[in-house]
6 protein chains.
Amino acid sequence: MIAPPPMSRQRTVAKARVLVEALPFMREHRGKTIVVKYGGAPMEVAPLARSLADDIALLQSAGINVVIVHGGGPQLTGVATKLGLETRFVDGLRVTDTETLDVATMVLAGKLNTDVVATLAAGGVPAVGISGVDGGLVIARRSDRDLGFVGEVERVNPVVVLALLEHGFVPVVASIAVDGSGQTYNVNADVVAAELAIGLGAEKLVFLSDVPGVMGPAGDLLSELSVSGANELLAIGGVIDGGMIPKLESAVLAIGAGVDRAHFVDGRLEHALVLELFTQEGIGTMVTNDAPPENPDIKEEAS
Amino acid sequence: MIAPPPMSRQRTVAKARVLVEALPFMREHRGKTIVVKYGGAPMEVAPLARSLADDIALLQSAGINVVIVHGGGPQLTGVATKLGLETRFVDGLRVTDTETLDVATMVLAGKLNTDVVATLAAGGVPAVGISGVDGGLVIARRSDRDLGFVGEVERVNPVVVLALLEHGFVPVVASIAVDGSGQTYNVNADVVAAELAIGLGAEKLVFLSDVPGVMGPAGDLLSELSVSGANELLAIGGVIDGGMIPKLESAVLAIGAGVDRAHFVDGRLEHALVLELFTQEGIGTMVTNDAPPENPDIKEEAS
Amino acid sequence: MIAPPPMSRQRTVAKARVLVEALPFMREHRGKTIVVKYGGAPMEVAPLARSLADDIALLQSAGINVVIVHGGGPQLTGVATKLGLETRFVDGLRVTDTETLDVATMVLAGKLNTDVVATLAAGGVPAVGISGVDGGLVIARRSDRDLGFVGEVERVNPVVVLALLEHGFVPVVASIAVDGSGQTYNVNADVVAAELAIGLGAEKLVFLSDVPGVMGPAGDLLSELSVSGANELLAIGGVIDGGMIPKLESAVLAIGAGVDRAHFVDGRLEHALVLELFTQEGIGTMVTNDAPPENPDIKEEAS
Amino acid sequence: MIAPPPMSRQRTVAKARVLVEALPFMREHRGKTIVVKYGGAPMEVAPLARSLADDIALLQSAGINVVIVHGGGPQLTGVATKLGLETRFVDGLRVTDTETLDVATMVLAGKLNTDVVATLAAGGVPAVGISGVDGGLVIARRSDRDLGFVGEVERVNPVVVLALLEHGFVPVVASIAVDGSGQTYNVNADVVAAELAIGLGAEKLVFLSDVPGVMGPAGDLLSELSVSGANELLAIGGVIDGGMIPKLESAVLAIGAGVDRAHFVDGRLEHALVLELFTQEGIGTMVTNDAPPENPDIKEEAS
Amino acid sequence: MIAPPPMSRQRTVAKARVLVEALPFMREHRGKTIVVKYGGAPMEVAPLARSLADDIALLQSAGINVVIVHGGGPQLTGVATKLGLETRFVDGLRVTDTETLDVATMVLAGKLNTDVVATLAAGGVPAVGISGVDGGLVIARRSDRDLGFVGEVERVNPVVVLALLEHGFVPVVASIAVDGSGQTYNVNADVVAAELAIGLGAEKLVFLSDVPGVMGPAGDLLSELSVSGANELLAIGGVIDGGMIPKLESAVLAIGAGVDRAHFVDGRLEHALVLELFTQEGIGTMVTNDAPPENPDIKEEAS
Amino acid sequence: MIAPPPMSRQRTVAKARVLVEALPFMREHRGKTIVVKYGGAPMEVAPLARSLADDIALLQSAGINVVIVHGGGPQLTGVATKLGLETRFVDGLRVTDTETLDVATMVLAGKLNTDVVATLAAGGVPAVGISGVDGGLVIARRSDRDLGFVGEVERVNPVVVLALLEHGFVPVVASIAVDGSGQTYNVNADVVAAELAIGLGAEKLVFLSDVPGVMGPAGDLLSELSVSGANELLAIGGVIDGGMIPKLESAVLAIGAGVDRAHFVDGRLEHALVLELFTQEGIGTMVTNDAPPENPDIKEEAS
């Protein structure tokens with residue numbers, strides 16, 4: 001066999017340099033935990049789902065613990081409609097009677113959770129799907145507002161997630177919660193992701209959705225945002241999009257309780273997670289604490 | 001405070017004797033694994049579900065590993081009908097097109113699995129619901145018969161179940177399986193239970209349903225049955241009830257592969273599992289190997 | 001074989017209920033340590049000794065660490081008399097010259113200790129007999145009173161007891177102690193039991209003897225008694241029986257140093273230990289701290 | 001302060017050489033187990049007992065596991081006589097009725113066992129006294145000969161001894177055994193020592209008594225003896241002393257079952273154990289296997 | 001801050017793809033051991049040494065155990081000459097008198113070993129330099145040929161290397177060996193690398209030098225070579241270059257003893273190790289076993 | 001074989017007593033760490049080196065962790081001279097240009113380090129030679145004085161030493177250090193020994209050289225010296241010998257940072273280390289803290 005010509009060697013060396021450049025990021029994140037809130041288009045479009053599976057495989061191989069939390073509002077509305085149930089929202093929250101709760105459980109903990117796990121498995125990622133009911137992971141109480149079985153997260157008990165991580169599995173969590181009597185609730189997936197990130201002492205909370213990031217008052221993408229800046233934006237009516245409000249509030253909650261960074265990343269971009277974690281290029285919006293970080297992220301140093 | 005009168009002491013001593021009599025059974029089963037196939041009425045009637053939760057709590061406290069497998073055919077038919085899907089069976093097997101597979105996933109892995117977990121949690125049992133898709137637990141291939149997404153179990157990979165047992169959880173398994181490409185299948189829950197019992201090296205496989213046990217040709221309840229006896233009954237047309245056929249075949253399969261005993265127990269009887277495991281009284285039907293057992297069960301010795 | 005008639009099933013279900021009712025108690029005590037001071041009739045009457053072996057087997061099976069301490073005054077007097085030694089008491093304490101100390105060592109650490117271990121072994125309990133001399137378990141100094149080799153307990157060093165418990169043995173401790181020079185002493189077994197309970201961080205100290213419990217001034221059995229109530233009773237001359245005085249004082253000592261409860265139980269009642277630990281019915285006298293308990297025992301909640 | 005004169009330095013260097021010479025022996029025995037059968041004068045004379053304590057402390061410090069087995073025939077006869085019991089021997093075996101068994105238990109497991117433990121403790125050795133009854137250590141059956149409760153060792157179950165060694169204790173074993181029903185027996189201590197050495201995979205079995213060793217037909221001390229030589233001596237009537245017969249038979253038994261060496265050492269010689277294990281000088285009689293040893297002892301190489 | 005323009009995103013995605021493509025190789029090699037023989041230009045040219053440090057950092061981060069073996073003939077000759085020692089070779093082997101052995105020890109175990117360790121440390125790799133004398137790593141005997149203190153490797157004892165790997169260090173081994181008497185020897189570094197690879201059960205043995213690989217009879221670079229092919233080349237006089245002969249012989253030795261692959265890689269190429277291990281592109285020459293591999297390397301599958 | 005005559009037994013018993021007398025010292029030092037600074041004649045004279053190997057073997061066998069630090073000024077000067085380099089000292093510190101640093105690395109980390117390791121290996125001690133560069137063990141910065149590559153120790157990072165001790169090796173450390181950029185330095189071996197003793201929490205720091213100890217103003221050997229006494233002696237010009245100054249300063253440094261004792265021992269005395277550690281006789285000079293020791297050394301108690 002004859003060796004390849006020198007031309008290809010130059011391309012090959014360029015590849016090796018990319019790998020070597022990723023090294024500080026691999027070291028930075030090794031052994032840490034990242035919670036990914038997964039929703040919208042990246043969840044529904046097959047090639048994106050497969051790209052996510054590749055990314056999570058690489059993160060696992062670099063020793064990062066990955067936990068996925070997903071919701072699934074549109075799919076839930078679809079099935080409810082087919083079953084003849086009326087969908088009603090109050091202040092953006094789904095009014096959830098017994099029948100709707102059953103449908104939510106079926107769609108979130110049944111259909112979507114299984115789909116995510118099967119997609120990850122096809123990409124070589126050993127995933128295990130659970131919901132907040134399993135192992136008492138997410139304990140909720142009935143919301144004060146008259147919305148039926150909508151729950152507010154009281155606390156997370158991450159034993160089952162830690163057990164799965166310890167055995168090399170990627171836990172995939174559907175946003176159904178439970179109370180002490182065994183009653184289940186529909187809870188907001190963004191809040192579940194934030195509370196899990198806090199409970200697991202996660203390094204990062206990543207919202208992977210179908211927008212480029214957080215947009216400023218002028219409609220421009222903000223690449224970085226402090227907690228106080230986020231609170232100001234939330235205070236101004238009409239700047240932050242409706243679906244973004246609970247996400248940005250959850251990011252603020254998580255960082256206030258010790259999570260290092262929250263990221264809003266465009267999941268429609270291929271390999272969005274790997275780009276975010278293993279390259280110098282910033283994508284989307286990063287939310288940080290106001291105080292100057294003592295151990296600044298390698299990313300900022302470099303840029 | 002005044003001490004209770006001697007009369008009550010006699011009743012009290014009787015209670016203590018019951019506890020002491022249970023001791024050899026506790027010792028016998030400590031550290032072993034029992035797979036319970038759970039279905040029918042015991043699953044749908046609240047007091048029975050609660051009695052099962054109590055029983056499993058006691059088994060756990062005595063150091064027994066419990067794994068639950070459930071199906072849910074009738075509930076699946078109910079939701080499919082509401083969604084306007086036609087239900088069709090060929091040789092007792094549900095023809096499963098894409099829509100039906102989605103409904104099966106929603107009902108089994110979503111609704112019923114969550115209900116079982118929540119009921120156990122309310123009874124103090126830390127349960128975690130998964131399906132055969134999670135962690136690649138049940139690998140299936142498409143059935144040769146033209147039934148759509150009906151799968152035949154190829155092998156079980158019990159790592160995720162062992163991880164959960166190691167952390168003190170009771171795994172609750174919905175009968176959905178997966179293949180290497182990520183395609184999911186509807187599989188028979190009795191077979192899943194038998195294969196899991198084999199893969200886990202279980203001591204017992206218990207079918208908890210709404211019949212008293214296996215009935216003989218004369219319509220009498222058989223309290224004990226050998227594998228060869230079971231095969232003879234299965235060979236005679238019309239003796240074994242339709243729903244019982246895959247159960248009895250699965251029992252034969254499990255015992256042939258090293259599971260010590262299979263039991264058919266009437267789940268409508270309160271505390272059926274505790275009675276079966278911790279008392280001398282036999283209930284339902286026990287299926288054993290033909291060869292004389294080398295380590296005869298304490299139960300037989302005593303009766 | 002024909003299944004048993006429904007009549008027996010009702011009795012069977014009643015049995016199962018007794019087992020299920022014991023569950024909260026099993027959970028309550030799992031992993032905790034109980035020190036049993038064993039003496040008098042229960043120690044000398046064979047059926048009672050066998051009932052105790054059954055009870056301890058059940059406690060072990062439920063994950064409770066059991067430690068037994070025994071004395072043996074009457075047997076010691078018997079052998080001393082046969083050997084022509086005069087038995088003399090001052091304030092209820094045996095005057096112990098060199099010969100009497102030898103007899104005490106022979107009877108307590110030799111004969112009685114071996115008898116208890118052999119009885120437990122016959123009941124399936126792996127017991128190991130030691131005395132306070134072994135591993136420096138009970139360190140004593142010579143009593144100030146002129147009584148010869150009567151020792152006062154200075155401290156316990158429970159390493160050897162913990163080693164035996166760790167390997168699943170029930171330690172059986174004879175009340176002989178030692179000082180730094182290797183001199184042995186006869187010490188009060190009630191005090192040894194209390195000090196061991198303190199040193200082991202035991203949950204309970206149980207005095208198993210041949211009286212129903214602590215009797216009040218009116219000769220009535222007291223089912224519950226606070227530490228201050230116990231001190232009052234001890235202060236009144238003539239109410240507490242002579243043999244009961246060191247026991248009640250030891251109970252007060254143990255509870256003051258952090259042992260949760262002390263119990264005076266009638267060892268002549270069959271399965272007295274199991275009744276005390278695993279049923280709601282109170283027997284004998286329970287001594288508690290004066291302060292309202294923060295984690296009230298399940299027993300009180302229920303009654 | 002002024003430094004010592006050079007004269008003392010020479011003596012000091014000589015001391016250091018002794019320590020350095022002991023090094024290969026320390027390495028040779030580290031981590032191994034030695035069973036010492038202890039009896040006769042060394043057990044009754046206080047300075048010898050103290051010298052033994054020093055030796056065992058040194059062995060422990062060098063990482064050797066030491067197990068002591070003791071009998072106590074003369075002391076037993078003494079107490080039995082005081083209690084008016086007649087002592088009767090058949091073929092050198094004590095006829096043991098119920099009363100004699102009680103006295104044996106008291107003297108061996110009570111008095112002598114406690115004395116050995118207290119003496120070792122005073123020398124800084126953490127010892128724990130047990131008998132063959134504890135933890136089912138020595139299982140015996142009634143001897144076929146009509147001798148009452150004289151037992152023949154069926155097997156040893158060394159779990160309790162291993163547990164004590166693991167925690168740094170020196171187990172001191174009295175020669176009382178038990179059967180499955182809880183009946184105790186008087187058993188020969190030499191046989192118990194040999195069986196324990198076998199069961200523990202011991203490197204050496206040392207008989208420490210009050211004779212210089214095994215004497216040959218000419219009355220001369222034999223410094224070395226093969227198993228076949230020992231059998232020949234035993235076959236010749238009248239050469240081996242009565243008390244030595246069961247010892248030499250036990251040595252042959254132990255070596256046949258894999259114990260490397262048996263030694264007969266004069267316990268009246270100060271520091272006999274340390275001399276035997278840590279110096280080149282041979283004392284007493286060493287019994288070895290007939291086959292040329294593959295890993296010859298350092299001792300032989302050097303001499 | 002404003003987000004980067006979409007143009008840069010495309011380049012960014014390309015980077016992410018390189019990372020994702022490396023994933024199967026990372027998985028393939030995780031937990032395995034690679035021995036790198038390091039010499040010639042890559043060792044003397046600073047940028048190449050730094051590129052090697054980067055590569056080894058990446059290998060470590062991907063969970064690969066790396067062991068470096070180095071020689072240093074030219075540097076040794078240089079220092080010997082400065083010290084006025086004559087350098088003489090017989091059949092390509094350096095005649096090594098006492099003075100030359102001292103110089104070899106100083107240059108290899110002193111200067112070069114320290115330089116490699118310091119360079120790796122500057123690149124963030126925690127390296128520890130040892131020689132074959134340390135921990136008895138390489139045991140040699142005097143060569144039969146009359147060459148002075150030239151040794152032939154008898155066996156390797158890799159305990160010290162395993163200890164360093166276990167603690168996350170990269171062992172850097174100088175090719176000096178020792179015999180049982182403490183005499184040191186100059187040994188061939190290629191042979192040391194091969195023997196270490198065998199002793200460690202390494203997956204790969206990589207020769208990193210300043211030639212492109214193994215050249216065929218026509219002067220063309222051979223990209224793949226079987227063991228039998230290598231032996232044929234060695235048998236033909238004049239084809240294999242002098243310095244390559246011991247390397248190729250060592251490669252044949254290693255593969256014959258179970259090492260999966262040997263590679264001859266051009267260390268003048270930047271990131272040569274990363275290219276070799278983490279990309280599909282083959283560089284240099286790979287030597288494989290003759291038998292068709294049962295678990296073919298991912299690399300071959302892909303190419 | 002005939003047993004030895006009684007005469008030899010008396011000498012034998014005397015030997016045993018020496019061993020038993022060493023017991024408290026063995027217990028005292030077990031599990032502790034001792035740093036030995038090794039230099040001068042003991043390092044160059046073969047019998048002394050062998051005696052040291054014997055001593056260290058005994059210390060290891062008694063469970064003591066031994067770490068050796070060595071310099072080698074005279075040997076370094078010798079090689080430098082042969083290579084035509086001029087040796088220049090400023091205030092007793094060697095001016096170290098690039099060539100001199102290379103020679104220092106070759107002589108210390110190459111020749112002498114290997115010699116010490118090989119000598120220990122021949123005495124049965126598993127030693128591993130490293131320098132302060134390995135594993136970043138000694139981090140230095142360039143001295144403020146204009147001396148070239150002479151370093152001042154900034155901190156020690158003893159991970160590699162602990163890893164070697166954990167696996168039973170004796171680390172032998174050459175006094176070369178490194179900074180963050182990979183630049184190496186020549187550092188004072190006495191200071192390295194003191195800093196390592198501090199970093200390892202060592203019990204003792206022993207300077208083994210070719211003087212009897214620290215001499216007082218009258219030229220008499222001081223057998224004991226407090227830290228304040230040492231400081232006074234250092235303050236008086238001309239009392240402390242030039243080579244002793246950095247040693248005594250390092251001893252003061254180590255004791256001030258928590259090392260219990262420093263010893264100046266005459267390495268020309270055979271078995272100097274064993275005498276110092278395992279006998280009551282004091283040799284050389286012991287430096288202690290001023291405060292009365294709370295846990296006085298056994299040695300002082302005895303003398």
# chains A, B, ... in the order shown; residues from 1 in each chain; ligands from 1
>>> residues_around(residues="Ala189 of chain F", least_positions_apart="4", cutoff="7 Å", atoms="only C-alpha atoms", output="number ranges by chain")
F: 69-71, 175, 193
>>> write_last_selection(atoms="C-alpha atoms", output="mmCIF file, in the first residue's frame")
data_model
loop_
_atom_site.group_PDB
_atom_site.id
_atom_site.type_symbol
_atom_site.label_atom_id
_atom_site.label_comp_id
_atom_site.auth_asym_id
_atom_site.auth_seq_id
_atom_site.Cartn_x
_atom_site.Cartn_y
_atom_site.Cartn_z
ATOM 1 C CA VAL F 69 17.169 13.320 49.605
ATOM 2 C CA HIS F 70 20.706 13.664 48.318
ATOM 3 C CA GLY F 71 22.962 16.350 46.927
ATOM 4 C CA SER F 175 18.013 18.211 44.377
ATOM 5 C CA ALA F 193 14.905 17.741 52.573
#
>>> interface_residues(of="chain E", to="chain A", cutoff="9 Å", atoms="only C-alpha atoms", output="PyMOL selection string")
chain E and resi 1-4+8-9+12-13+15-20+22-23+26-27+30+54-55+57-58+61-63+220-225+269-272+274-275+278-279+281-285
>>> write_last_selection(atoms="N, CA and C atoms", output="compact mmCIF listing (two decimals), in the first residue's frame")
# COMPACT_ATOMS: atom_id res chain seq x y z
N MET E 1 -22.62 43.16 24.08
CA MET E 1 -21.77 42.48 23.11
C MET E 1 -22.61 41.93 21.96
N ILE E 2 -22.06 41.98 20.80
CA ILE E 2 -22.80 41.51 19.62
C ILE E 2 -22.29 40.12 19.22
N ALA E 3 -23.18 39.25 18.83
CA ALA E 3 -22.81 37.87 18.46
C ALA E 3 -22.02 37.85 17.16
N PRO E 4 -21.16 36.85 16.93
CA PRO E 4 -20.35 36.78 15.72
C PRO E 4 -21.22 36.55 14.49
N SER E 8 -18.59 32.93 10.39
CA SER E 8 -17.70 32.24 11.31
C SER E 8 -18.38 30.98 11.87
N ARG E 9 -19.71 31.02 11.85
CA ARG E 9 -20.41 29.84 12.38
C ARG E 9 -20.16 28.60 11.54
N THR E 12 -17.01 27.24 12.48
CA THR E 12 -17.17 26.68 13.81
C THR E 12 -17.79 25.29 13.75
N VAL E 13 -18.82 25.15 12.93
CA VAL E 13 -19.48 23.85 12.81
C VAL E 13 -18.50 22.82 12.26
N LYS E 15 -15.37 22.72 12.82
CA LYS E 15 -14.56 22.31 13.97
C LYS E 15 -15.29 21.26 14.80
N ALA E 16 -16.55 21.54 15.05
CA ALA E 16 -17.33 20.61 15.87
C ALA E 16 -17.37 19.24 15.22
N ARG E 17 -17.46 19.23 13.86
CA ARG E 17 -17.52 17.94 13.18
C ARG E 17 -16.22 17.16 13.35
N VAL E 18 -15.10 17.87 13.34
CA VAL E 18 -13.83 17.18 13.57
C VAL E 18 -13.84 16.52 14.94
N LEU E 19 -14.35 17.24 15.92
CA LEU E 19 -14.40 16.68 17.26
C LEU E 19 -15.29 15.45 17.31
N VAL E 20 -16.46 15.56 16.70
CA VAL E 20 -17.40 14.44 16.72
C VAL E 20 -16.82 13.23 15.98
N ALA E 22 -13.81 12.38 15.92
CA ALA E 22 -12.77 11.74 16.74
C ALA E 22 -13.36 10.81 17.79
N LEU E 23 -14.67 10.94 18.01
CA LEU E 23 -15.31 10.20 19.09
C LEU E 23 -15.07 8.69 19.04
N MET E 26 -11.63 7.93 20.25
CA MET E 26 -11.50 8.13 21.70
C MET E 26 -12.04 6.92 22.46
N ARG E 27 -13.23 6.48 22.03
CA ARG E 27 -13.83 5.31 22.70
C ARG E 27 -12.96 4.07 22.53
N ARG E 30 -9.80 4.38 24.87
CA ARG E 30 -9.98 4.71 26.30
C ARG E 30 -9.56 3.54 27.20
N ASP E 54 1.59 18.51 23.78
CA ASP E 54 0.16 18.76 23.54
C ASP E 54 -0.56 17.46 23.22
N ASP E 55 0.06 16.64 22.37
CA ASP E 55 -0.57 15.38 21.97
C ASP E 55 -0.77 14.47 23.18
N ALA E 57 -1.00 15.31 26.26
CA ALA E 57 -2.05 15.89 27.12
C ALA E 57 -3.43 15.47 26.62
N LEU E 58 -3.61 15.51 25.30
CA LEU E 58 -4.91 15.13 24.75
C LEU E 58 -5.17 13.63 24.96
N SER E 61 -6.18 13.09 28.47
CA SER E 61 -7.53 13.59 28.71
C SER E 61 -8.57 12.62 28.16
N ALA E 62 -8.22 11.86 27.14
CA ALA E 62 -9.13 10.86 26.58
C ALA E 62 -8.99 9.51 27.27
N GLY E 63 -8.28 9.49 28.39
CA GLY E 63 -8.23 8.28 29.20
C GLY E 63 -7.24 7.24 28.73
N ASP E 220 10.05 3.11 -1.52
CA ASP E 220 8.73 3.69 -1.28
C ASP E 220 8.32 3.45 0.18
N LEU E 221 7.55 4.39 0.73
CA LEU E 221 7.06 4.25 2.10
C LEU E 221 5.98 3.17 2.15
N LEU E 222 6.14 2.19 3.03
CA LEU E 222 5.13 1.14 3.19
C LEU E 222 4.14 1.60 4.24
N SER E 223 2.86 1.69 3.85
CA SER E 223 1.91 2.17 4.86
C SER E 223 1.45 1.04 5.78
N GLU E 224 1.55 -0.20 5.31
CA GLU E 224 1.15 -1.32 6.17
C GLU E 224 2.10 -2.48 5.92
N LEU E 225 2.34 -3.26 6.94
CA LEU E 225 3.33 -4.32 6.87
C LEU E 225 2.92 -5.39 7.87
N LEU E 269 6.50 15.47 11.90
CA LEU E 269 5.17 15.95 11.53
C LEU E 269 4.48 16.41 12.82
N GLU E 270 3.96 17.63 12.81
CA GLU E 270 3.30 18.16 14.00
C GLU E 270 2.11 17.27 14.40
N HIS E 271 1.92 17.11 15.70
CA HIS E 271 0.78 16.36 16.23
C HIS E 271 0.69 14.95 15.66
N ALA E 272 1.85 14.33 15.45
CA ALA E 272 1.88 13.01 14.83
C ALA E 272 1.10 11.97 15.65
N VAL E 274 -1.48 12.41 17.77
CA VAL E 274 -2.93 12.63 17.71
C VAL E 274 -3.46 12.18 16.35
N LEU E 275 -2.74 12.50 15.31
CA LEU E 275 -3.17 12.06 13.98
C LEU E 275 -3.28 10.54 13.93
N PHE E 278 -6.29 9.52 16.59
CA PHE E 278 -7.65 10.09 16.63
C PHE E 278 -8.22 10.48 15.26
N THR E 279 -7.54 10.16 14.18
CA THR E 279 -8.12 10.46 12.87
C THR E 279 -8.07 9.22 11.98
N GLU E 281 -6.94 9.18 8.94
CA GLU E 281 -5.83 9.21 8.01
C GLU E 281 -4.65 8.43 8.57
N GLY E 282 -4.13 7.49 7.78
CA GLY E 282 -2.96 6.75 8.20
C GLY E 282 -1.69 7.54 7.89
N ILE E 283 -0.73 7.57 8.80
CA ILE E 283 0.56 8.16 8.49
C ILE E 283 1.61 7.13 8.85
N GLY E 284 2.75 7.17 8.20
CA GLY E 284 3.83 6.24 8.50
C GLY E 284 3.45 4.81 8.20
N THR E 285 4.06 3.87 8.92
CA THR E 285 3.90 2.44 8.67
C THR E 285 3.28 1.76 9.88
>>> select_by_dssp(residues="segment 51-268 of chain E", states="strand (DSSP E)", output="MDAnalysis selection string")
chainID E and resid 65:70 89:90 93:94 127:131 138:142 151:156 170:174 176:178 184:186 204:209 224:226 261:266
>>> write_last_selection(atoms="C-alpha atoms", output="tab-separated table (two decimals), in the first residue's frame")
chain	number	residue	atom	x	y	z
E	65	ASN	CA	-2.22	5.59	29.50
E	66	VAL	CA	0.97	6.85	27.87
E	67	VAL	CA	4.47	5.58	28.65
E	68	ILE	CA	7.54	7.14	27.02
E	69	VAL	CA	10.84	5.35	26.51
E	70	HIS	CA	13.84	7.26	25.21
E	89	PHE	CA	30.95	0.44	18.14
E	90	VAL	CA	30.95	-3.30	17.40
E	93	LEU	CA	26.55	-1.69	19.63
E	94	ARG	CA	28.45	0.82	21.75
E	127	ALA	CA	5.44	13.38	33.91
E	128	VAL	CA	7.83	11.43	36.13
E	129	GLY	CA	11.24	10.39	34.87
E	130	ILE	CA	12.70	7.06	35.89
E	131	SER	CA	15.16	4.57	34.45
E	138	VAL	CA	14.29	-3.51	33.63
E	139	ILE	CA	16.40	-6.47	34.71
E	140	ALA	CA	19.33	-7.20	32.40
E	141	ARG	CA	22.32	-9.49	32.19
E	142	ARG	CA	25.69	-8.81	30.63
E	151	GLY	CA	23.08	-5.47	28.88
E	152	GLU	CA	20.47	-7.73	27.36
E	153	VAL	CA	16.98	-7.31	28.76
E	154	GLU	CA	15.94	-10.37	30.76
E	155	ARG	CA	12.54	-9.22	31.98
E	156	VAL	CA	10.60	-6.13	32.94
E	170	VAL	CA	3.21	9.80	32.41
E	171	PRO	CA	6.29	7.65	33.12
E	172	VAL	CA	9.36	8.66	31.08
E	173	VAL	CA	11.87	5.80	31.04
E	174	ALA	CA	15.62	6.08	30.33
E	176	ILE	CA	19.51	1.98	31.76
E	177	ALA	CA	18.97	-1.47	33.35
E	178	VAL	CA	20.19	-3.30	36.46
E	184	THR	CA	23.83	-1.23	35.94
E	185	TYR	CA	23.92	-1.66	32.15
E	186	ASN	CA	23.42	0.33	29.00
E	204	LYS	CA	0.19	-0.04	20.67
E	205	LEU	CA	3.94	0.50	20.43
E	206	VAL	CA	4.77	3.69	18.54
E	207	PHE	CA	8.26	4.51	17.26
E	208	LEU	CA	8.46	8.27	16.89
E	209	SER	CA	11.60	9.13	14.95
E	224	GLU	CA	1.15	-1.32	6.17
E	225	LEU	CA	3.33	-4.32	6.87
E	226	SER	CA	2.62	-7.74	8.34
E	261	ARG	CA	-0.08	-2.90	16.56
E	262	ALA	CA	3.29	-1.24	16.11
E	263	HIS	CA	3.59	2.07	14.31
E	264	PHE	CA	6.52	3.89	12.75
E	265	VAL	CA	5.56	7.54	12.73
E	266	ASP	CA	7.40	10.60	11.50
>>> atom_distance(atom1="atom CA of Thr33 of chain A", atom2="atom CA of Ala202 of chain A")
4.7 Å
>>> atom_distance(atom1="atom CA of Gly110 of chain E", atom2="atom CA of Pro246 of chain F")
25.3 Å
>>> atom_distance(atom1="atom CA of Leu52 of chain B", atom2="atom CA of Glu249 of chain B")
24.8 Å
>>> select_by_dssp(residues="segment 177-230 of chain F", states="helix (DSSP H, G or I)", output="count of residues only")
15
